[in-house]
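K.L.:
Handing over target_35.tsv, TSV, C-alpha atoms.
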chain	number	residue	atom	x	y	z
A	1	MET	CA	-78.87	81.06	-37.29
A	2	PRO	CA	-75.73	80.23	-39.14
A	3	VAL	CA	-74.26	76.84	-38.56
A	4	SER	CA	-70.56	76.97	-37.74
A	5	ALA	CA	-68.23	74.33	-39.11
A	6	ARG	CA	-66.71	72.01	-36.49
A	7	ILE	CA	-62.96	72.01	-36.46
A	8	PRO	CA	-61.47	68.63	-35.36
A	9	ALA	CA	-59.08	68.77	-32.41
A	10	LYS	CA	-55.43	68.04	-33.06
A	11	GLU	CA	-54.52	64.45	-32.27
A	12	ASN	CA	-52.00	63.82	-29.56
A	13	ALA	CA	-48.58	63.57	-31.20
A	14	LYS	CA	-47.62	60.62	-28.97
A	15	SER	CA	-50.73	58.60	-29.78
A	16	ALA	CA	-50.38	59.40	-33.47
A	17	ALA	CA	-46.87	57.98	-33.62
A	18	PRO	CA	-46.67	54.51	-35.16
A	19	ALA	CA	-46.21	51.60	-32.75
A	20	SER	CA	-42.66	50.30	-32.42
A	21	THR	CA	-41.97	47.15	-34.40
A	22	PHE	CA	-38.78	46.26	-32.44
A	23	PRO	CA	-39.06	43.29	-30.04
A	24	THR	CA	-38.65	43.92	-26.34
A	25	PRO	CA	-35.08	42.99	-25.34
A	26	VAL	CA	-34.72	40.01	-23.03
A	27	LEU	CA	-32.02	40.33	-20.41
A	28	LYS	CA	-30.11	37.14	-19.74
A	29	ARG	CA	-28.37	36.53	-16.44
A	30	ARG	CA	-24.72	35.64	-16.74
A	31	ALA	CA	-23.72	32.23	-15.49
A	32	GLN	CA	-21.88	32.51	-12.19
A	33	ALA	CA	-18.21	31.77	-12.73
A	34	ALA	CA	-16.33	29.54	-10.32
A	35	PRO	CA	-14.19	31.53	-7.89
A	36	GLN	CA	-10.47	31.69	-8.59
A	37	PHE	CA	-8.10	31.26	-5.67
A	38	LEU	CA	-4.76	33.08	-5.65
A	39	VAL	CA	-1.88	32.59	-3.23
A	40	ALA	CA	-0.36	35.49	-1.30
A	41	ILE	CA	2.41	35.30	1.32
A	42	SER	CA	3.09	37.95	3.91
A	43	ASP	CA	6.74	38.10	4.99
A	44	ALA	CA	8.60	40.89	6.77
A	45	SER	CA	11.80	40.01	4.89
A	46	PRO	CA	11.72	40.25	1.09
A	47	TYR	CA	12.98	37.28	-0.86
A	48	GLU	CA	13.36	36.34	-4.50
A	49	THR	CA	10.25	34.84	-6.09
A	50	HIS	CA	9.89	32.87	-9.31
A	51	SER	CA	7.56	30.41	-10.98
A	52	TYR	CA	7.78	26.75	-10.00
A	53	LYS	CA	6.19	25.51	-13.20
A	54	PHE	CA	8.28	22.80	-14.86
A	55	PRO	CA	9.59	24.18	-18.20
A	56	TRP	CA	8.86	21.12	-20.30
A	57	THR	CA	9.18	20.84	-24.06
A	58	ALA	CA	6.30	19.56	-26.18
A	59	ASP	CA	7.83	16.06	-26.26
A	60	GLU	CA	8.45	16.08	-22.51
A	61	GLN	CA	4.90	17.25	-21.87
A	62	GLN	CA	3.45	14.39	-23.88
A	63	GLN	CA	5.69	11.79	-22.25
A	64	LEU	CA	5.27	13.01	-18.66
A	65	THR	CA	1.54	13.64	-18.98
A	66	SER	CA	0.95	10.18	-20.41
A	67	ALA	CA	2.92	8.51	-17.60
A	68	ALA	CA	1.16	10.47	-14.85
A	69	GLU	CA	-2.30	9.91	-16.30
A	70	LYS	CA	-1.64	6.18	-16.64
A	71	GLN	CA	-0.77	5.87	-12.95
A	72	ALA	CA	-3.78	7.95	-11.87
A	73	LEU	CA	-6.11	5.85	-14.02
A	74	ALA	CA	-4.75	2.64	-12.47
A	75	GLU	CA	-5.30	4.12	-8.99
A	76	MET	CA	-8.90	5.04	-9.81
A	77	THR	CA	-9.53	1.61	-11.37
A	78	ALA	CA	-8.40	-0.06	-8.14
A	79	TYR	CA	-10.64	2.25	-6.10
A	80	ALA	CA	-13.64	1.41	-8.25
A	81	ALA	CA	-12.98	-2.32	-7.96
A	82	LYS	CA	-13.22	-2.15	-4.15
A	83	SER	CA	-16.93	-1.32	-4.47
A	84	SER	CA	-17.53	-3.67	-7.43
A	85	ARG	CA	-17.64	-0.77	-9.86
A	86	THR	CA	-15.96	0.02	-13.15
A	87	ILE	CA	-15.06	3.30	-14.83
A	88	VAL	CA	-17.58	4.31	-17.48
A	89	PRO	CA	-15.63	4.25	-20.78
A	90	GLY	CA	-14.57	7.70	-21.91
A	91	SER	CA	-15.49	9.42	-18.62
A	92	PHE	CA	-11.98	9.70	-17.15
A	93	ALA	CA	-11.06	13.36	-17.74
A	94	PRO	CA	-7.63	14.22	-16.26
A	95	GLY	CA	-5.69	17.45	-16.09
A	96	VAL	CA	-1.94	17.49	-15.39
A	97	GLN	CA	0.26	20.27	-14.01
A	98	ALA	CA	4.01	19.86	-13.65
A	99	PHE	CA	6.25	21.66	-11.16
A	100	ASP	CA	9.93	21.75	-10.29
A	101	LEU	CA	9.49	22.20	-6.55
A	102	TYR	CA	13.18	21.79	-5.60
A	103	GLY	CA	14.79	23.39	-8.64
A	104	ASP	CA	16.57	20.14	-9.48
A	105	ASN	CA	14.98	19.69	-12.93
A	106	ASN	CA	13.07	16.62	-11.68
A	107	PRO	CA	9.35	17.30	-12.14
A	108	GLU	CA	6.53	16.65	-9.71
A	109	MET	CA	3.23	16.20	-11.55
A	110	VAL	CA	-0.24	16.73	-10.08
A	111	VAL	CA	-3.10	14.91	-11.77
A	112	THR	CA	-6.67	15.91	-10.99
A	113	ALA	CA	-9.47	13.99	-12.64
A	114	LYS	CA	-13.18	13.27	-12.51
A	115	CYS	CA	-14.86	10.15	-13.83
A	116	ALA	CA	-18.08	8.17	-13.60
A	117	LEU	CA	-18.28	4.79	-11.87
A	118	ARG	CA	-20.97	2.19	-12.53
A	119	LYS	CA	-21.74	-1.04	-10.73
A	120	LYS	CA	-20.55	-4.11	-12.58
A	121	LEU	CA	-23.31	-5.77	-14.64
A	122	ALA	CA	-25.60	-2.79	-13.94
A	123	PRO	CA	-27.90	-1.67	-16.79
A	124	ALA	CA	-26.44	1.00	-19.06
A	125	LYS	CA	-29.19	3.43	-18.02
A	126	THR	CA	-28.20	3.23	-14.36
A	127	THR	CA	-27.10	6.62	-13.02
A	128	PRO	CA	-23.32	6.45	-12.46
A	129	LEU	CA	-21.45	7.69	-9.39
A	130	ASN	CA	-19.07	10.62	-9.85
A	131	ALA	CA	-15.59	10.05	-8.42
A	132	TYR	CA	-12.62	12.42	-8.05
A	133	ILE	CA	-8.89	11.82	-7.75
A	134	THR	CA	-5.88	13.98	-6.96
A	135	TYR	CA	-2.68	12.10	-7.68
A	136	VAL	CA	0.92	13.29	-7.38
A	137	VAL	CA	3.82	11.54	-9.08
A	138	GLY	CA	7.50	12.51	-9.21
A	139	GLN	CA	10.13	11.64	-11.77
A	140	GLU	CA	13.39	10.43	-10.26
A	141	PRO	CA	16.85	11.25	-11.72
A	142	SER	CA	16.87	7.71	-13.17
A	143	GLY	CA	13.77	8.54	-15.19
A	144	ASP	CA	11.48	6.27	-13.16
A	145	TYR	CA	8.14	7.55	-11.89
A	146	SER	CA	7.33	7.39	-8.20
A	147	LYS	CA	3.89	7.74	-6.61
A	148	LEU	CA	3.96	10.47	-3.96
A	149	PHE	CA	0.31	10.93	-3.04
A	150	SER	CA	-3.22	9.81	-3.86
A	151	ASP	CA	-6.56	11.12	-2.63
A	152	ILE	CA	-9.87	9.75	-3.98
A	153	THR	CA	-13.47	10.40	-3.06
A	154	ASP	CA	-16.91	10.21	-4.66
A	155	ASP	CA	-20.30	11.88	-4.37
A	156	ASP	CA	-21.44	9.39	-1.72
A	157	HIS	CA	-18.53	10.35	0.57
A	158	MET	CA	-18.21	14.09	-0.01
A	159	ASP	CA	-19.57	14.82	3.47
A	160	ILE	CA	-16.74	12.72	4.99
A	161	ASN	CA	-13.87	13.35	2.58
A	162	GLY	CA	-14.27	16.23	0.14
A	163	ARG	CA	-12.48	16.38	-3.18
A	164	LEU	CA	-8.99	17.89	-3.26
A	165	GLU	CA	-8.32	20.71	-5.73
A	166	LEU	CA	-4.85	22.05	-6.53
A	167	VAL	CA	-4.43	25.78	-5.89
A	168	ASP	CA	-0.74	26.26	-6.74
A	169	ALA	CA	2.86	25.60	-5.81
A	170	VAL	CA	4.14	28.16	-3.30
A	171	ASP	CA	7.29	28.71	-1.23
A	172	ALA	CA	5.49	28.98	2.10
A	173	ASP	CA	8.57	29.38	4.34
A	174	GLY	CA	10.93	31.27	2.03
A	175	ASP	CA	13.58	28.55	1.81
A	176	GLY	CA	13.63	28.50	-2.00
A	177	ARG	CA	11.73	25.22	-2.22
A	178	ALA	CA	8.03	25.10	-2.99
A	179	GLU	CA	5.13	23.29	-1.35
A	180	LEU	CA	1.80	22.28	-2.86
A	181	LEU	CA	-1.31	24.09	-1.67
A	182	PHE	CA	-4.68	22.36	-2.06
A	183	ARG	CA	-8.29	23.26	-1.33
A	184	ARG	CA	-10.53	20.50	0.02
A	185	VAL	CA	-14.15	20.99	-1.00
A	186	GLY	CA	-16.92	19.17	0.84
A	187	VAL	CA	-20.68	19.37	0.57
A	188	THR	CA	-21.02	22.61	2.55
A	189	THR	CA	-17.48	23.31	3.77
A	190	GLN	CA	-14.00	23.95	2.44
A	191	SER	CA	-10.50	24.01	3.91
A	192	PHE	CA	-6.91	24.43	2.76
A	193	GLU	CA	-4.04	21.95	3.08
A	194	LEU	CA	-0.31	22.46	2.51
A	195	TYR	CA	2.04	19.60	1.59
A	196	ARG	CA	5.79	19.25	1.13
A	197	ALA	CA	7.07	16.75	-1.42
A	198	GLY	CA	9.51	14.17	-0.11
A	199	ARG	CA	11.37	11.56	-2.09
A	200	ASP	CA	8.60	8.99	-1.83
A	201	GLN	CA	5.56	10.82	-0.42
A	202	LEU	CA	3.90	14.14	0.40
A	203	TRP	CA	4.09	15.38	3.99
A	204	LYS	CA	1.18	17.45	5.32
A	205	LEU	CA	2.46	20.68	6.87
A	206	PHE	CA	-0.79	22.51	7.44
A	207	ASN	CA	-4.47	21.62	7.64
A	208	GLY	CA	-6.73	24.67	7.88
A	209	ALA	CA	-10.00	24.79	9.76
A	210	GLU	CA	-13.15	24.08	7.81
A	211	ILE	CA	-15.12	27.12	6.73
A	212	GLN	CA	-18.56	27.39	5.17
A	213	LYS	CA	-18.69	27.74	1.41
A	214	ASN	CA	-20.36	30.83	0.00
What does this structure look like when you write it as structure tokens?

P.N.:
Amino acid sequence: MPVSARIPAKENAKSAAPASTFPTPVLKRRAQAAPQFLVAISDASPYETHSYKFPWTADEQQQLTSAAEKQALAEMTAYAAKSSRTIVPGSFAPGVQAFDLYGDNNPEMVVTAKCALRKKLAPAKTTPLNAYITYVVGQEPSGDYSKLFSDITDDDHMDINGRLELVDAVDADGDGRAELLFRRVGVTTQSFELYRAGRDQLWKLFNGAEIQKN
């Protein structure tokens, strides 16, 4: 009986293909960006709108920023001293925005800053306390600088007095003069506050109800 030759079956094309040498891609989740708040006004009567940013030159920016930051730093230093604390060197990080709220070429500057406070004589490794300041200063026609407003809090008091963040300058009543809109951020809540700048202080015009943060 003749012996028939065995013919090998064809290998599966998929299994015969060489294994991929490319690494499996790893998907990274994007960091969640902080929400940006924009101001919108609803008015039945149209009116002219324009920016209330103060149009400073480079020299004016340096001079005004330095003066505003110096006052805000002194305010924070006094706040720290009340609880026998000092500002950790190099931790005071201010930001300054300048506005011309009345269109009189006299700027109102808003300083917002965060810094770390440490108990006096405490070891260097002691965990500092984060503190926050919102400070408003105006320049008078004489060139002098006048404190208009100061609001300070820290991480230990955020449930009582949240930190105040500047949203923008906005003409809330359409009279051609701008007010300052802030957002107060607590531990779990937030609210909005509207202020008008006077000659020597800010006047609160509106204090919104607290709402839960997302």

K.L.:
Rounded to one decimal, what separation in Å do you get between CA of Asp151 (chain A) and CA of Ile133 (chain A)?

P.N.:
5.7 Å

K.L.:
Skipping near chain neighbours, those fewer than 3 positions away, what residues fall within 8 Å of Ser146 (chain A) using all atoms listed in the file, listed as a list in words?

P.N.:
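The residues that qualify are Val137, Gly138, Gln139, Glu140 and Asp200 of chain A.
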
K.L.:
Quote the spacing between CA of Lys120 (chain A) and CA of Asp159 (chain A) in Å to one decimal place.

P.N.:
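Straight-line distance from CA of Lys120 (chain A) to CA of Asp159 (chain A) works out to 24.8 Å.
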
K.L.:
With distances taken over all atoms listed in the file, which of A:Arg183, A:Lys125, A:Lys147, A:Lys53 is nearest to Glu69 (chain A)?

P.N.:
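Going through A:Arg183, A:Lys125, A:Lys147, A:Lys53 one by one, the smallest distance to Glu69 (chain A) is for A:Lys147.
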
K.L.:
Between CA of Ser51 (chain A) and CA of Asp173 (chain A), what is the distance in Å, rounded to a tenth?

P.N.:
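Between these atoms lies a distance of 15.4 Å.
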
K.L.:
List the spatial neighbours of region 85-87 of chain A as a PyMOL selection string - criterion: any atom at most 12 Å away, all atoms listed in the file, same-chain residues fewer than 6 positions off excluded.

P.N.:
chain A and resi 73-79+93+114-122+128-132

K.L.:
Using all atoms listed in the file, which of A:Pro123, A:Gly186, A:Pro107, A:Gly198 sits nearest Thr65 (chain A)?

P.N.:
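Nearest candidate to Thr65 (chain A) out of A:Pro123, A:Gly186, A:Pro107, A:Gly198: A:Pro107.
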
K.L.:
Check the smallest atom-to-atom distance from each of A:Ser142, A:Gln190, A:Pro55, A:Asp168 to Asn105 (chain A) using all atoms listed in the file, then report the winner.

P.N.:
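Closest residue, counting all atoms listed in the file: A:Pro55.
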
K.L.:
Of the residues A:Asn161, A:Gly176, A:Arg196, A:Thr134, which is the one nearest to Pro94 (chain A), using all atoms listed in the file?

P.N.:
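Comparing A:Asn161, A:Gly176, A:Arg196, A:Thr134 against Pro94 (chain A), the winner is A:Thr134.
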
K.L.:
Mind checking which residues fall within 6 Å of Val111 (chain A), counting all atoms listed in the file, ignoring those fewer than 2 positions away in the same chain, and posting them as a PyMOL selection string?

P.N.:
chain A and resi 95-96+134-135

K.L.:
Could you check the closest approach to Ser191 (chain A) for each of A:Gly90, A:Gly143, A:Gly208, A:Gly103 and tell me which residue wins, using all atoms listed in the file?

P.N.:
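Using all atoms listed in the file, Ser191 (chain A) sits closest to A:Gly208.
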
K.L.:
With distances taken over only C-alpha atoms, which of A:Tyr102, A:Phe192, A:Phe206, A:Tyr145 is nearest to Gln63 (chain A)?

P.N.:
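Going through A:Tyr102, A:Phe192, A:Phe206, A:Tyr145 one by one, the smallest distance to Gln63 (chain A) is for A:Tyr145.
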